[in-house]
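**Q** Before I ask anything, let me first share the structure, which is written out below as C-alpha cells.
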Amino acid sequence: MTPEAWFDIEDGEAWLGGQPVLQTLSLQLRLGESTTVLGPNGAGKSSLVKLIDRSLHPIVKPTAHLKLFGSSTVNLWQLRRRLGVVTSELEQRIPPRCPAREVVQCGLFGSMRLGRDQEPSSAQQERSNRLLQQLDLQSIAEQRFGMLSDGQKRRLLIARALVHDPEVLVLDEPSRALDLKACHQLLHTLRQLCRNGTTVVQVTHRIDTIVPEMQRVLFLSSGRIVGDGTPDAMLQDAPLSRLFETPLRVVQANGFRQVLPA
C-alpha cells in the first residue's frame, strides 16, 4: 500500500513581491518518506516551506489544487499538531530573554512567550523536559535564548517543533551559520529523528548535510522541480553539476557525500 501523501500540490504557482517564486509545481510528499529538497540560493526552497506551513498561498486557478494531510481546507491549530516547522524567521522572533525551557513549552501554544492562561500540564512539562534531554539540551534549559550558541538555538527550535509529537518535521536550512561541531550535532539529531520514525523534510543547499537516512531527493531550481529520485540516483556528478551549474565531483564516506570542484 502506498503511504498517504501529507502534502499534495498540482500545478501550483506562488508569487512574492510581484515575482513568481514557485511555478508549475506538482509534488506529493508522503508519510514515512524522509526527503531532502536541494537547490542553489534563490531556487525557491524557502518559498516551498512557506507554502507547506500556509504562510504563503498559491494562486487560485482551475488546474491547481493543494492538500495538506488529505484536506484542501486547513485548521492551522490542527496543522500545528501534525506538522513541525523550523525556519530562520522563527529563530529571529524568539525573545532573547526567554528561557530555553520556555521556548520549547511555547511550541504547545504557538506563542513566543507563555501567557497567563498558558500553563503547561504536568504531562506537557514532562514531554518538554524529555525533548531537552533527548537533544542534549538539559544543561542549558534555564539559560536565556539570546545567550545560546547558534547550534543550541537550532536544536532548541527542533525540540519546540517536536513538542506536539508531529508526524512531519520540516527544517529550512538547518545547518545555516553552524560551525563544524554544531553541524555534526545537528546531523546526529536528524539521524535519530529519521530512525525513530519521524518524517523529516530537510531543505538545504549543502550536499554534505544530507543524512544517509534520507530516502528521496528533490532538485529545485528557479521555482521548479527539476529532479526527483533516490539519493543514489540524484547525488551524482552529472545531476549535481547541472543543478548548481558548475562542474562537480562527488566523494562519499560513511553514507555522507561531499562535492569537490571537477
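Residue numbering restarts at 1 for every chain of the C-alpha cells, chains are lettered A, B, ... in their displayed order, and ligands are numbered from 1 as they appear.
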Could you name the residues that touch Leu220 of chain A at 7 Å or less, counting only C-alpha atoms, but leaving out those on the same chain fewer than 4 positions away, as a PyMOL selection string?

**A** chain A and resi 37-39+43+45+224-226

**Q** Restricting the output to C-alpha atoms, write the selected residues as a PDB file, in the first residue's frame.

**A**
ATOM      1  CA  VAL A  37      14.885  19.458  -1.081  1.00  0.00           C
ATOM      2  CA  LEU A  38      18.178  20.579  -2.614  1.00  0.00           C
ATOM      3  CA  GLY A  39      18.907  23.656  -4.685  1.00  0.00           C
ATOM      4  CA  ALA A  43      15.786  28.478  -6.084  1.00  0.00           C
ATOM      5  CA  LYS A  45      13.278  26.441  -1.314  1.00  0.00           C
ATOM      6  CA  ARG A 224      10.537  24.488 -10.412  1.00  0.00           C
ATOM      7  CA  ILE A 225      11.142  20.841  -9.541  1.00  0.00           C
ATOM      8  CA  VAL A 226      13.881  19.789 -11.968  1.00  0.00           C
TER       9      VAL A 226
END

**Q** If we count only C-alpha atoms, what is near segment 130-134 of chain A at a cut-off of 9 Å, once residues fewer than 4 positions away on the same chain are taken out, given as a PDB file with C-alpha atoms, in the first residue's frame?

**A**
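Generated output (part_13.pdb):
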ATOM      1  CA  ARG A 101      12.762  25.536  28.620  1.00  0.00           C
ATOM      2  CA  VAL A 104      10.108  24.585  23.986  1.00  0.00           C
ATOM      3  CA  GLN A 125       6.128  19.676  31.047  1.00  0.00           C
ATOM      4  CA  GLU A 126       7.387  16.101  31.125  1.00  0.00           C
ATOM      5  CA  GLN A 138      19.085  19.845  29.558  1.00  0.00           C
ATOM      6  CA  SER A 139      22.211  21.679  30.757  1.00  0.00           C
ATOM      7  CA  ILE A 140      21.071  24.948  29.149  1.00  0.00           C
ATOM      8  CA  ALA A 141      17.360  24.644  29.992  1.00  0.00           C
ATOM      9  CA  LEU A 156      16.154  24.026  20.783  1.00  0.00           C
ATOM     10  CA  ALA A 159      12.647  20.499  20.317  1.00  0.00           C
ATOM     11  CA  ARG A 160       9.979  23.213  20.203  1.00  0.00           C
ATOM     12  CA  LEU A 162       8.597  18.331  18.252  1.00  0.00           C
ATOM     13  CA  VAL A 163       6.713  19.171  21.448  1.00  0.00           C
ATOM     14  CA  THR A 189      19.802  14.742  15.811  1.00  0.00           C
TER      15      THR A 189
END

**Q** List every residue of segment 18-250 of chain A that DSSP, applied to the backbone of this structure, places in strand (DSSP E), and write the result as number ranges by chain.

**A** A: 19-30, 35-38, 65-68, 83-86, 168-172, 199-204, 216-221, 224-229, 248-250

**Q** If you count only C-alpha atoms, which residues fall within 10 Å of Pro166 of chain A, apart from same-chain ones fewer than 6 positions away, as an NGL selection string?

**A** :A and (79-85 or 198-199)

**Q** DSSP on the backbone: which residues in segment 91-250 of chain A end up as alpha helix (DSSP H)? Give the answer as a ChimeraX atom specification.

**A** /A:91-93,100-106,122-134,150-162,180-195,231-234,237-244

**Q** Just the selected residues (C-alpha atoms), exported as a short mmCIF file (atom, residue, chain, number, x, y, z; two decimals), in the first residue's frame, please.

**A**
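Wrote selection_17.cif, looks like this:
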data_model
loop_
_atom_site.label_atom_id
_atom_site.label_comp_id
_atom_site.auth_asym_id
_atom_site.auth_seq_id
_atom_site.Cartn_x
_atom_site.Cartn_y
_atom_site.Cartn_z
CA GLU A 91 14.63 31.96 15.31
CA GLN A 92 14.61 35.74 14.86
CA ARG A 93 11.19 36.07 16.53
CA ALA A 100 15.28 27.76 26.82
CA ARG A 101 12.76 25.54 28.62
CA GLU A 102 10.02 28.09 27.97
CA VAL A 103 10.96 28.27 24.28
CA VAL A 104 10.11 24.59 23.99
CA GLN A 105 6.90 24.88 26.01
CA CYS A 106 5.74 27.83 23.88
CA SER A 122 2.34 18.03 34.03
CA ALA A 123 2.36 15.73 31.00
CA GLN A 124 3.33 18.61 28.72
CA GLN A 125 6.13 19.68 31.05
CA GLU A 126 7.39 16.10 31.13
CA ARG A 127 7.31 15.98 27.32
CA SER A 128 9.28 19.24 27.11
CA ASN A 129 11.88 18.02 29.61
CA ARG A 130 12.24 14.71 27.78
CA LEU A 131 12.91 16.51 24.49
CA LEU A 132 15.54 18.71 26.14
CA GLN A 133 17.24 15.57 27.37
CA GLN A 134 16.98 13.72 24.06
CA ASP A 150 23.68 29.04 17.02
CA GLY A 151 23.80 25.25 17.26
CA GLN A 152 22.00 25.22 20.61
CA LYS A 153 19.34 27.58 19.27
CA ARG A 154 18.74 25.38 16.24
CA ARG A 155 18.37 22.19 18.28
CA LEU A 156 16.15 24.03 20.78
CA LEU A 157 13.81 25.09 17.98
CA ILE A 158 13.70 21.49 16.78
CA ALA A 159 12.65 20.50 20.32
CA ARG A 160 9.98 23.21 20.20
CA ALA A 161 8.72 21.88 16.86
CA LEU A 162 8.60 18.33 18.25
CA LEU A 180 31.66 22.07 12.36
CA LYS A 181 30.87 20.68 15.83
CA ALA A 182 27.39 22.23 15.94
CA CYS A 183 26.65 20.95 12.44
CA HIS A 184 27.68 17.41 13.39
CA GLN A 185 25.48 17.57 16.50
CA LEU A 186 22.57 18.69 14.33
CA LEU A 187 23.14 15.87 11.84
CA HIS A 188 23.19 13.38 14.71
CA THR A 189 19.80 14.74 15.81
CA LEU A 190 18.39 14.43 12.28
CA ARG A 191 19.57 10.83 12.01
CA GLN A 192 17.93 9.96 15.33
CA LEU A 193 14.64 11.53 14.24
CA CYS A 194 14.60 9.63 10.95
CA ARG A 195 15.44 6.35 12.68
CA PRO A 231 19.87 9.80 -3.14
CA ASP A 232 21.96 7.25 -5.05
CA ALA A 233 20.46 8.42 -8.35
CA MET A 234 20.40 12.15 -7.69
CA ASP A 237 28.45 14.18 -10.52
CA ALA A 238 26.34 14.94 -13.59
CA PRO A 239 22.97 15.75 -11.93
CA LEU A 240 24.58 17.95 -9.27
CA SER A 241 26.74 19.74 -11.84
CA ARG A 242 23.61 20.59 -13.83
CA LEU A 243 21.71 21.75 -10.74
CA PHE A 244 24.45 24.06 -9.48
#

**Q** Can you measure atom CA of Leu25 of chain A to atom CA of Val74 of chain A for me? One decimal in Å is fine.

**A**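 These two atoms are separated by 19.6 Å.
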
**Q** Skip Val259 of chain A itself and residues of its chain fewer than 3 positions away, then list as a PDB file with C-alpha atoms, in the first residue's frame all residues within 12 Å of it, counting only C-alpha atoms.

**A**
ATOM      1  CA  HIS A 205      21.812  23.909  -0.481  1.00  0.00           C
ATOM      2  CA  ARG A 206      24.527  21.793   1.189  1.00  0.00           C
ATOM      3  CA  ILE A 207      25.123  18.269  -0.083  1.00  0.00           C
ATOM      4  CA  ASP A 208      27.326  17.411   2.915  1.00  0.00           C
ATOM      5  CA  THR A 209      24.411  17.794   5.352  1.00  0.00           C
ATOM      6  CA  ILE A 210      22.158  15.220   3.666  1.00  0.00           C
ATOM      7  CA  LEU A 235      23.613  12.795  -5.745  1.00  0.00           C
ATOM      8  CA  GLN A 236      25.949  12.039  -8.616  1.00  0.00           C
ATOM      9  CA  ASP A 237      28.451  14.176 -10.521  1.00  0.00           C
ATOM     10  CA  ALA A 238      26.340  14.944 -13.592  1.00  0.00           C
ATOM     11  CA  LEU A 240      24.581  17.953  -9.272  1.00  0.00           C
ATOM     12  CA  SER A 241      26.736  19.743 -11.842  1.00  0.00           C
ATOM     13  CA  PHE A 244      24.450  24.064  -9.478  1.00  0.00           C
ATOM     14  CA  THR A 246      29.298  24.206 -12.215  1.00  0.00           C
ATOM     15  CA  PRO A 247      31.433  21.061 -12.711  1.00  0.00           C
ATOM     16  CA  LEU A 248      31.363  18.957  -9.531  1.00  0.00           C
ATOM     17  CA  ARG A 249      32.766  15.636  -8.379  1.00  0.00           C
ATOM     18  CA  VAL A 250      31.097  13.665  -5.587  1.00  0.00           C
ATOM     19  CA  VAL A 251      33.041  11.787  -2.930  1.00  0.00           C
ATOM     20  CA  GLN A 252      31.341   9.528  -0.397  1.00  0.00           C
ATOM     21  CA  ALA A 253      32.230   8.224   3.074  1.00  0.00           C
ATOM     22  CA  PHE A 256      27.592  11.077   3.592  1.00  0.00           C
ATOM     23  CA  ALA A 262      35.700  18.763 -11.015  1.00  0.00           C
TER      24      ALA A 262
END

**Q** Report as a VMD selection string all protein, DNA and RNA residues lying within 9 Å of Thr36 of chain A, evaluated on only C-alpha atoms, omitting residues in the same chain fewer than 3 positions from it.

**A** chain A and resid 200 to 204 210 214 to 219 231

**Q** Near Gln28 of chain A, within 12 Å and counting only C-alpha atoms, which residues show up once chain neighbours fewer than 3 positions away are dropped, as a PyMOL selection string?

**A** chain A and resi 2-12+25+31+33+35+52+65-70+216+218+225+228

**Q** Which is closest to Cys98 of chain A among A:Val170, A:Met147, A:Leu22, A:Leu178, if we use only C-alpha atoms?

**A**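 Comparing A:Val170, A:Met147, A:Leu22, A:Leu178 against Cys98 of chain A, the winner is A:Met147.
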
**Q** Just give me the gap between atom CA of Pro99 of chain A and atom CA of Pro120 of chain A in Å, one decimal is fine.

**A**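 Separating atom CA of Pro99 of chain A from atom CA of Pro120 of chain A is a distance of 14.8 Å.
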
**Q** Need the shell around Ser55 of chain A: protein/DNA/RNA residues with any atom at most 12 Å away, counting only C-alpha atoms. Skip same-chain ones fewer than 5 positions apart. Format as a ChimeraX atom specification?

**A** /A:14,16,46-50,74,76,85,87,89

**Q** Would you save the residues from that selection as a PDB file, in the first residue's frame, using N, CA and C atoms?

**A**
ATOM      1  N   ALA A  14       3.122  30.374  -7.061  1.00  0.00           N
ATOM      2  CA  ALA A  14       3.091  31.341  -5.964  1.00  0.00           C
ATOM      3  C   ALA A  14       4.000  32.517  -6.290  1.00  0.00           C
ATOM      4  N   LEU A  16       5.791  36.313  -4.740  1.00  0.00           N
ATOM      5  CA  LEU A  16       6.194  37.167  -3.619  1.00  0.00           C
ATOM      6  C   LEU A  16       6.809  38.439  -4.189  1.00  0.00           C
ATOM      7  N   SER A  46      12.845  28.169   0.345  1.00  0.00           N
ATOM      8  CA  SER A  46      12.127  28.736   1.493  1.00  0.00           C
ATOM      9  C   SER A  46      10.682  29.056   1.143  1.00  0.00           C
ATOM     10  N   SER A  47      10.425  29.407  -0.109  1.00  0.00           N
ATOM     11  CA  SER A  47       9.041  29.643  -0.547  1.00  0.00           C
ATOM     12  C   SER A  47       8.236  28.356  -0.482  1.00  0.00           C
ATOM     13  N   LEU A  48       8.869  27.228  -0.801  1.00  0.00           N
ATOM     14  CA  LEU A  48       8.185  25.942  -0.682  1.00  0.00           C
ATOM     15  C   LEU A  48       7.829  25.659   0.773  1.00  0.00           C
ATOM     16  N   VAL A  49       8.740  25.972   1.699  1.00  0.00           N
ATOM     17  CA  VAL A  49       8.447  25.792   3.125  1.00  0.00           C
ATOM     18  C   VAL A  49       7.262  26.665   3.529  1.00  0.00           C
ATOM     19  N   LYS A  50       7.231  27.898   3.066  1.00  0.00           N
ATOM     20  CA  LYS A  50       6.112  28.797   3.377  1.00  0.00           C
ATOM     21  C   LYS A  50       4.798  28.268   2.803  1.00  0.00           C
ATOM     22  N   VAL A  74      -7.711  23.940   5.746  1.00  0.00           N
ATOM     23  CA  VAL A  74      -6.766  23.681   6.831  1.00  0.00           C
ATOM     24  C   VAL A  74      -7.130  24.483   8.068  1.00  0.00           C
ATOM     25  N   LEU A  76      -5.386  25.788  11.116  1.00  0.00           N
ATOM     26  CA  LEU A  76      -3.978  26.000  11.430  1.00  0.00           C
ATOM     27  C   LEU A  76      -3.582  25.411  12.775  1.00  0.00           C
ATOM     28  N   VAL A  85       7.668  22.924  12.036  1.00  0.00           N
ATOM     29  CA  VAL A  85       8.479  23.661  11.063  1.00  0.00           C
ATOM     30  C   VAL A  85       9.504  24.511  11.803  1.00  0.00           C
ATOM     31  N   THR A  87      12.363  27.471  10.951  1.00  0.00           N
ATOM     32  CA  THR A  87      12.885  28.398   9.951  1.00  0.00           C
ATOM     33  C   THR A  87      13.750  29.457  10.624  1.00  0.00           C
ATOM     34  N   GLU A  89      13.280  32.582  10.227  1.00  0.00           N
ATOM     35  CA  GLU A  89      12.356  33.627  10.672  1.00  0.00           C
ATOM     36  C   GLU A  89      11.867  33.362  12.093  1.00  0.00           C
TER      37      GLU A  89
END

**Q** Kindly give the distance, in Å, that separates atom CA of Gln19 of chain A and atom CA of Ala64 of chain A, rounded to a single decimal.

**A**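 Those two atoms sit 18.7 Å apart.
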
**Q** Determine the nearest neighbour of Gly227 of chain A from the options A:Ser26, A:Thr73, A:Ser121, A:Ser175, counting only C-alpha atoms.

**A**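 Checking each candidate against Gly227 of chain A, we get A:Ser26 as the closest.
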